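Asker: Sharing entry_1.txt here; it has compact mmCIF, C-alpha atoms.
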```txt
# COMPACT_ATOMS: atom_id res chain seq x y z
CA MET A 171 -42.01 -12.22 17.79
CA SER A 172 -44.65 -9.55 17.09
CA SER A 173 -44.87 -8.14 13.60
CA HIS A 174 -43.72 -4.81 14.98
CA ALA A 175 -40.60 -6.32 16.47
CA ARG A 176 -39.94 -8.19 13.28
CA ALA A 177 -40.19 -5.02 11.21
CA TYR A 178 -37.87 -3.24 13.61
CA ARG A 179 -35.34 -6.02 13.38
CA ARG A 180 -35.49 -5.97 9.57
CA ASP A 181 -34.95 -2.22 9.48
CA SER A 182 -32.00 -2.38 11.79
CA ILE A 183 -30.41 -5.06 9.64
CA ILE A 184 -30.88 -2.88 6.54
CA LEU A 185 -29.54 0.18 8.35
CA GLN A 186 -26.57 -1.76 9.56
CA PHE A 187 -25.87 -2.94 6.04
CA ILE A 188 -26.09 0.57 4.59
CA GLY A 189 -24.17 2.04 7.51
CA ASN A 190 -21.32 -0.38 7.05
CA ASN A 191 -21.00 0.37 3.42
CA VAL A 192 -21.86 4.01 3.11
CA GLN A 193 -18.36 5.28 3.76
CA ASN A 194 -16.81 2.80 1.32
CA PHE A 195 -19.41 2.69 -1.38
CA THR A 196 -19.21 5.74 -3.67
CA PRO A 197 -21.56 5.08 -6.60
CA LEU A 198 -21.82 8.60 -8.05
CA THR A 199 -18.14 9.45 -8.30
CA ALA A 200 -17.55 5.88 -9.47
CA PHE A 201 -20.08 6.22 -12.27
CA PHE A 202 -18.88 9.62 -13.47
CA GLY A 203 -15.23 8.61 -13.14
CA GLY A 204 -16.09 5.59 -15.25
CA ALA A 205 -17.84 7.82 -17.80
CA LEU A 206 -14.64 9.89 -18.10
CA ILE A 207 -12.74 6.69 -18.84
CA GLY A 208 -15.40 6.00 -21.47
CA VAL A 209 -14.73 9.40 -23.05
CA SER A 210 -10.99 8.67 -23.00
CA VAL A 211 -11.31 5.35 -24.86
CA THR A 212 -13.75 7.01 -27.27
CA LEU A 213 -11.23 9.70 -28.22
CA LEU A 214 -8.45 7.21 -28.83
CA LEU A 215 -10.59 5.00 -31.03
CA TRP A 216 -12.35 7.80 -32.91
CA PHE A 217 -9.21 9.75 -33.83
CA ASN A 218 -6.37 7.23 -33.69
CA GLY A 219 -8.24 3.98 -34.34
CA ARG A 220 -6.76 2.40 -31.22
CA LEU A 221 -8.43 0.52 -28.41
CA ALA A 222 -7.15 1.86 -25.10
CA GLY A 223 -5.93 -1.30 -23.45
CA VAL A 224 -3.36 -0.12 -20.95
CA SER A 225 -1.42 -3.41 -20.74
CA GLY A 226 -1.07 -3.50 -24.53
CA ILE A 227 0.01 0.14 -24.64
CA MET A 228 2.58 -0.50 -21.89
CA ASN A 229 3.94 -3.56 -23.65
CA GLY A 230 4.24 -1.77 -26.98
CA VAL A 231 6.50 0.95 -25.56
CA PHE A 232 9.60 -1.20 -25.85
CA ASN A 233 9.09 -3.14 -29.04
CA SER A 234 7.60 -0.76 -31.55
CA PRO A 235 8.77 1.57 -34.26
CA ARG A 236 9.56 5.09 -33.09
CA ASP A 237 6.24 6.76 -33.82
CA GLU A 238 4.33 3.90 -32.20
CA MET A 239 6.52 4.31 -29.15
CA ILE A 240 5.85 8.04 -28.87
CA TRP A 241 2.06 7.95 -28.75
CA ARG A 242 2.22 5.13 -26.21
CA LEU A 243 4.57 7.08 -23.98
CA LEU A 244 2.33 10.15 -24.31
CA PHE A 245 -0.75 8.16 -23.31
CA LEU A 246 1.01 6.65 -20.29
CA GLY A 247 2.47 10.04 -19.38
CA GLY A 248 -1.04 11.50 -19.63
CA LEU A 249 -2.28 8.83 -17.23
CA ILE A 250 0.34 9.89 -14.69
CA ILE A 251 -0.30 13.61 -15.26
CA GLY A 252 -4.07 13.11 -14.96
CA ALA A 253 -3.76 11.41 -11.57
CA PHE A 254 -1.16 13.95 -10.44
CA LEU A 255 -3.32 16.96 -11.41
CA PHE A 256 -6.45 15.52 -9.88
CA ASN A 257 -4.61 14.89 -6.64
CA ARG A 258 -3.33 18.49 -6.69
CA LEU A 259 -6.82 19.89 -7.26
CA HIS A 260 -8.46 17.64 -4.68
CA PRO A 261 -5.83 16.64 -2.17
CA GLY A 262 -6.94 13.83 0.11
CA PHE A 263 -9.80 12.73 -2.17
CA VAL A 264 -7.94 9.54 -3.00
CA SER A 265 -6.40 7.86 0.00
CA LEU A 266 -2.94 6.34 -0.25
CA ARG A 267 -2.28 2.88 1.01
CA GLN A 268 0.80 2.44 3.13
CA GLY A 269 2.78 -0.52 4.39
CA TYR A 270 1.34 -3.09 1.98
CA PRO A 271 3.70 -6.07 1.73
CA TRP A 272 6.19 -5.34 -1.07
CA TYR A 273 6.38 -8.99 -2.14
CA LEU A 274 2.63 -9.03 -2.86
CA LEU A 275 3.15 -6.04 -5.15
CA LEU A 276 6.11 -7.54 -6.99
CA VAL A 277 4.62 -11.01 -7.35
CA GLY A 278 1.20 -9.52 -8.14
CA GLY A 279 2.77 -7.22 -10.70
CA PHE A 280 4.62 -10.09 -12.33
CA LEU A 281 1.42 -12.13 -12.65
CA VAL A 282 -0.51 -9.11 -13.96
CA GLY A 283 2.18 -8.56 -16.61
CA PHE A 284 2.45 -12.21 -17.60
CA GLY A 285 -1.29 -12.87 -17.52
CA THR A 286 -2.29 -9.80 -19.52
CA ARG A 287 0.20 -10.68 -22.28
CA MET A 288 -0.93 -14.27 -22.42
CA GLY A 289 -4.62 -13.35 -22.27
CA GLY A 290 -4.25 -10.36 -24.57
CA GLY A 291 -5.70 -7.67 -22.33
CA CYS A 292 -6.54 -6.28 -18.92
CA THR A 293 -9.39 -4.44 -17.22
CA SER A 294 -9.39 -1.67 -19.81
CA GLY A 295 -8.70 -3.71 -22.95
CA HIS A 296 -11.03 -6.62 -22.24
CA GLY A 297 -13.22 -5.19 -19.46
CA ILE A 298 -14.12 -1.90 -21.12
CA CYS A 299 -13.12 -1.77 -24.80
CA GLY A 300 -13.74 -5.46 -25.48
CA ILE A 301 -17.11 -5.61 -23.76
CA ALA A 302 -18.13 -2.32 -25.41
CA ARG A 303 -17.83 -4.01 -28.79
CA PHE A 304 -19.43 -7.19 -27.45
CA SER A 305 -16.36 -9.38 -28.03
CA GLN A 306 -17.03 -12.83 -26.63
CA ARG A 307 -13.36 -13.33 -25.87
CA SER A 308 -13.38 -10.20 -23.73
CA ILE A 309 -16.57 -11.08 -21.89
CA VAL A 310 -15.18 -14.51 -20.99
CA ALA A 311 -11.80 -13.02 -19.98
CA THR A 312 -13.44 -10.39 -17.78
CA LEU A 313 -15.63 -12.89 -15.96
CA LEU A 314 -12.60 -15.11 -15.46
CA PHE A 315 -10.18 -12.51 -14.10
CA MET A 316 -12.86 -11.15 -11.78
CA SER A 317 -13.47 -14.66 -10.46
CA THR A 318 -9.83 -15.49 -9.85
CA GLY A 319 -9.38 -12.01 -8.36
CA ILE A 320 -12.22 -12.64 -5.92
CA ALA A 321 -10.85 -16.09 -5.03
CA THR A 322 -7.37 -14.64 -4.49
CA VAL A 323 -8.59 -11.85 -2.22
CA PHE A 324 -10.55 -14.39 -0.23
CA MET A 325 -7.40 -16.46 0.25
CA VAL A 326 -5.14 -13.53 1.05
CA ARG A 327 -7.51 -11.67 3.38
CA HIS A 328 -9.54 -14.34 5.06
CA LEU A 329 -7.40 -17.47 5.03
CA LEU A 330 -3.85 -16.10 5.14
CA GLU A 331 -4.79 -12.73 6.68
CA LEU A 332 -2.03 -10.85 4.86
CA GLY A 333 -1.83 -7.15 3.99
CA GLN A 334 -4.48 -6.01 6.48
CA MET B 201 -2.26 15.81 -33.71
CA LYS B 202 -2.24 12.04 -33.19
CA TYR B 203 0.12 12.59 -30.30
CA LEU B 204 -2.09 15.27 -28.78
CA VAL B 205 -5.06 12.88 -28.87
CA ALA B 206 -3.00 10.17 -27.13
CA LEU B 207 -1.91 12.59 -24.42
CA THR B 208 -5.44 13.97 -23.90
CA SER B 209 -6.90 10.49 -23.79
CA GLY B 210 -4.31 9.50 -21.18
CA VAL B 211 -5.03 12.55 -19.02
CA LEU B 212 -8.79 11.90 -19.15
CA PHE B 213 -8.21 8.27 -18.24
CA GLY B 214 -6.06 9.35 -15.28
CA PHE B 215 -8.75 11.82 -14.18
CA GLY B 216 -11.42 9.14 -14.48
CA LEU B 217 -9.42 6.65 -12.44
CA SER B 218 -8.90 9.33 -9.78
CA LEU B 219 -12.50 10.57 -9.62
CA SER B 220 -13.71 6.97 -9.36
CA ARG B 221 -10.95 6.35 -6.77
CA MET B 222 -9.77 3.28 -8.69
CA VAL B 223 -6.17 4.47 -8.30
CA ASP B 224 -6.62 3.40 -4.69
CA PRO B 225 -5.94 -0.36 -4.63
CA GLU B 226 -7.96 -0.71 -1.44
CA LYS B 227 -11.09 0.34 -3.38
CA VAL B 228 -10.39 -2.39 -5.91
CA LEU B 229 -9.73 -5.00 -3.25
CA GLY B 230 -12.94 -3.86 -1.52
CA PHE B 231 -14.80 -4.85 -4.68
CA LEU B 232 -13.06 -8.22 -4.94
CA ASP B 233 -13.59 -8.93 -1.24
CA ILE B 234 -17.14 -10.20 -1.35
CA ALA B 235 -16.74 -11.98 2.00
CA GLY B 236 -15.72 -8.75 3.75
CA ASP B 237 -17.19 -5.26 3.72
CA TRP B 238 -18.14 -5.46 0.04
CA ASP B 239 -17.75 -2.23 -1.94
CA PRO B 240 -19.60 -2.38 -5.29
CA SER B 241 -18.05 0.89 -6.58
CA LEU B 242 -15.96 -0.80 -9.29
CA ALA B 243 -19.12 -2.17 -10.88
CA PHE B 244 -20.39 1.42 -11.17
CA VAL B 245 -17.12 2.47 -12.80
CA MET B 246 -17.58 -0.27 -15.38
CA MET B 247 -21.19 0.80 -15.93
CA GLY B 248 -20.17 4.43 -16.41
CA ALA B 249 -17.41 3.53 -18.85
CA LEU B 250 -19.54 1.04 -20.76
CA THR B 251 -22.52 3.39 -21.03
CA VAL B 252 -20.33 5.87 -22.90
CA ALA B 253 -18.22 3.36 -24.83
CA ILE B 254 -21.01 1.09 -26.07
CA LEU B 255 -22.81 4.09 -27.58
CA SER B 256 -19.73 5.80 -29.00
CA PHE B 257 -18.16 2.60 -30.41
CA ARG B 258 -21.37 1.89 -32.25
CA ILE B 259 -21.16 5.28 -33.96
CA ILE B 260 -17.38 5.15 -34.52
CA PHE B 261 -17.42 1.71 -36.16
CA GLN B 262 -19.88 3.00 -38.75
CA ARG B 263 -17.01 5.05 -40.13
CA SER B 264 -14.76 3.37 -42.64
CA ARG B 265 -11.67 4.64 -40.81
CA PRO B 266 -10.66 6.72 -37.78
CA VAL B 267 -10.20 10.47 -38.19
CA LEU B 268 -6.38 10.48 -38.20
CA GLU B 269 -5.41 7.00 -39.37
CA SER B 270 -6.00 4.85 -42.41
CA GLY B 271 -7.65 2.02 -40.47
CA PHE B 272 -8.79 0.71 -37.10
CA HIS B 273 -6.29 -1.36 -35.12
CA VAL B 274 -8.73 -3.86 -33.67
CA SER B 275 -8.21 -7.54 -32.95
CA ARG B 276 -10.31 -9.78 -35.18
CA ARG B 277 -9.72 -12.86 -33.07
CA THR B 278 -12.88 -14.60 -31.98
CA GLN B 279 -11.67 -17.95 -30.72
CA ILE B 280 -11.81 -18.54 -26.99
CA ASP B 281 -8.56 -20.45 -26.64
CA LYS B 282 -6.37 -21.75 -23.85
CA PRO B 283 -3.97 -18.77 -23.68
CA LEU B 284 -6.95 -16.41 -23.25
CA LEU B 285 -8.37 -18.47 -20.39
CA ILE B 286 -5.09 -19.19 -18.60
CA GLY B 287 -3.83 -15.65 -19.12
CA ALA B 288 -7.00 -14.03 -17.78
CA ALA B 289 -6.98 -16.37 -14.78
CA ILE B 290 -3.33 -15.52 -13.98
CA PHE B 291 -4.00 -11.80 -14.40
CA GLY B 292 -6.88 -12.03 -11.90
CA ILE B 293 -4.62 -13.68 -9.32
CA GLY B 294 -2.05 -10.89 -9.67
CA TRP B 295 -4.82 -8.30 -9.48
CA GLY B 296 -6.16 -9.85 -6.29
CA LEU B 297 -2.69 -10.06 -4.70
CA SER B 298 -1.83 -6.42 -5.37
CA GLY B 299 -5.07 -4.50 -5.94
CA TYR B 300 -3.62 -2.96 -9.11
CA CYS B 301 -4.38 -3.59 -12.75
CA PRO B 302 -2.14 -1.89 -15.35
CA GLY B 303 -4.07 1.42 -15.69
CA PRO B 304 -4.16 2.34 -12.01
CA ALA B 305 -0.59 1.07 -11.52
CA VAL B 306 0.71 3.61 -14.04
CA ALA B 307 -1.64 6.40 -12.90
CA ALA B 308 -0.65 5.91 -9.24
CA ILE B 309 2.91 6.97 -10.13
CA GLY B 310 1.35 10.44 -10.32
CA LEU B 311 0.42 10.12 -6.65
CA GLN B 312 4.11 9.66 -5.88
CA THR B 313 3.66 6.36 -4.13
CA PHE B 314 6.46 3.81 -4.20
CA GLU B 315 3.88 1.00 -4.47
CA ALA B 316 3.14 2.04 -8.04
CA VAL B 317 6.81 1.89 -9.02
CA LEU B 318 7.14 -1.64 -7.61
CA MET B 319 3.96 -2.65 -9.37
CA VAL B 320 5.04 -1.28 -12.76
CA MET B 321 8.41 -3.01 -12.37
CA GLY B 322 6.57 -6.25 -11.61
CA ILE B 323 4.34 -5.83 -14.66
CA TYR B 324 7.28 -5.26 -17.01
CA SER B 325 9.10 -8.29 -15.60
CA GLY B 326 5.95 -10.30 -16.37
CA PHE B 327 5.89 -8.96 -19.94
CA PHE B 328 9.53 -9.92 -20.30
CA ALA B 329 8.99 -13.42 -18.89
CA HIS B 330 6.13 -14.00 -21.29
CA LYS B 331 8.25 -12.91 -24.21
CA LEU B 332 11.04 -15.27 -23.16
CA LEU B 333 8.56 -18.11 -22.83
CA LEU B 334 7.21 -17.46 -26.32
CA LYS B 335 10.74 -17.34 -27.68
CA THR B 336 11.80 -20.64 -26.11
CA ALA B 337 8.50 -22.26 -27.12
CA SER B 338 8.94 -21.22 -30.75
CA GLY B 339 12.62 -22.21 -30.56
CA GLU B 340 11.65 -25.70 -29.43
CA GLY B 341 9.09 -25.93 -32.17
CA HIS B 342 11.82 -25.04 -34.59
CA GLN B 343 14.12 -27.76 -33.29
CA ARG B 344 11.39 -30.32 -33.38
CA LYS B 345 10.76 -29.44 -37.01
CA LYS B 346 14.42 -29.91 -37.78
CA SER B 347 14.66 -33.31 -36.10
CA THR B 348 11.69 -34.80 -37.88
```
Just give me the structure of the file as structure tokens.
Answerer:
Amino acid sequence: MSSHARAYRRDSIILQFIGNNVQNFTPLTAFFGGALIGVSVTLLLWFNGRLAGVSGIMNGVFNSPRDEMIWRLLFLGGLIIGAFLFNRLHPGFVSLRQGYPWYLLLVGGFLVGFGTRMGGGCTSGHGICGIARFSQRSIVATLLFMSTGIATVFMVRHLLELGQ
Amino acid sequence: MKYLVALTSGVLFGFGLSLSRMVDPEKVLGFLDIAGDWDPSLAFVMMGALTVAILSFRIIFQRSRPVLESGFHVSRRTQIDKPLLIGAAIFGIGWGLSGYCPGPAVAAIGLQTFEAVLMVMGIYSGFFAHKLLLKTASGEGHQRKKST
């Protein structure tokens, strides 16, 4: 193969790679969306002294004193309102999935609930707040749930071919 | 005031999850699907959040207390124990099955999708099951103490 042909082949591989991913991969909105989440956890810690771990906040709604319950409900309500408003301002920006197997959602939800209680946090509590204060527990937890998440998706999508 | 902060923080979080499209479980699964058409967006969300939080936490923890409370509510646990490892592993499996972690599951209720309702129901049943397990485990411990 001539060097010219080789260079052409390399470029087409790169183009193919970028082309395949360009409609899925959204680095800018991802980064700034993430920064907003960073501002959100900053506010809650700075004023209220709380780390915004969503699984912990959800769990605390039902077994806390009254005033604990109220701020938790307000935070979770805010989460819903935020997504609702954004979707109103930019309809169609976020696409909605349809027809995903309901049993994967229920079983997945159950494991998410059980696992986050046992492990003491989720993507926000360990993945963002924990890593931001360099907690070793959180770094280990985040690496672990990402790994089992990747393994699970591999099983579900490529071996069992469900939910596609 | 404390309540207003909680509400504002929640709204910002919901906006952030929407702008980053993490309320869409397919985006999350696209990140976890390294053997498919891999979508690294979630890594950029983490980078964005961590860039802000690492800096701000540094400054905040120099204070002796938060603005509106008498102290910080922060876990002082440092031990990497079995529950942490098993729990995180189980959480990851549920995340991979559904594409939702707790934040997006709650936020997606605002998109009026039934998926989110199922997911939140699942999560609360998991919380409940864990509580039951703890209760029976401590109950057994109690009995064992009695018998010896």
Asker: Tell me the residues of chain A close to chain B, meaning within 6 Å using all atoms listed in the file, as a ChimeraX atom specification.
Answerer: /A:195-197,199-201,203-208,210,216-220,224-225,241,244-245,248-250,252-254,264,274-276,278-286,288-289,302,307,311,314-315,318-320,322-323
Asker: Please measure the separation of CA of Gly295 (chain A) and CA of Arg242 (chain A), giving the value in Å to one decimal.
Answerer: 14.4 Å
Asker: Select, from A:Gly290, A:Pro271, A:Ile251, A:Phe263, the residue with the minimum atom-to-atom distance to Val326 (chain A), counting only C-alpha atoms.
Answerer: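 Result for the nearest residue to Val326 (chain A): A:Pro271.
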Asker: Would you mind reading off the distance between CA of Phe304 (chain A) and CA of Leu221 (chain A), one decimal, in Å?
Answerer: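 Here the two named atoms are 13.5 Å from each other.
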Asker: Could the centre and edge lengths of an axis-aligned box, enclosing all atoms of region 244-250 of chain B in the file with 8 Å extra on each side, be given in Å to one decimal as lines of an AutoDock Vina configuration file?
Answerer:
```
center_x = -19.2
center_y = 2.1
center_z = -16.0
size_x = 20.1
size_y = 20.7
size_z = 25.6
```
Asker: Between CA of Gly230 (chain A) and CA of Arg287 (chain A), what is the distance, to one decimal in Å?
Answerer: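 Going from CA of Gly230 (chain A) over to CA of Arg287 (chain A) covers 10.9 Å.
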Asker: A:Ile298, A:Gly269, A:Leu246, A:Gly226: which is nearest Val209 (chain A), counting only C-alpha atoms?
Answerer: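 Looking at the shortest contact to Val209 (chain A), the residue is A:Ile298.
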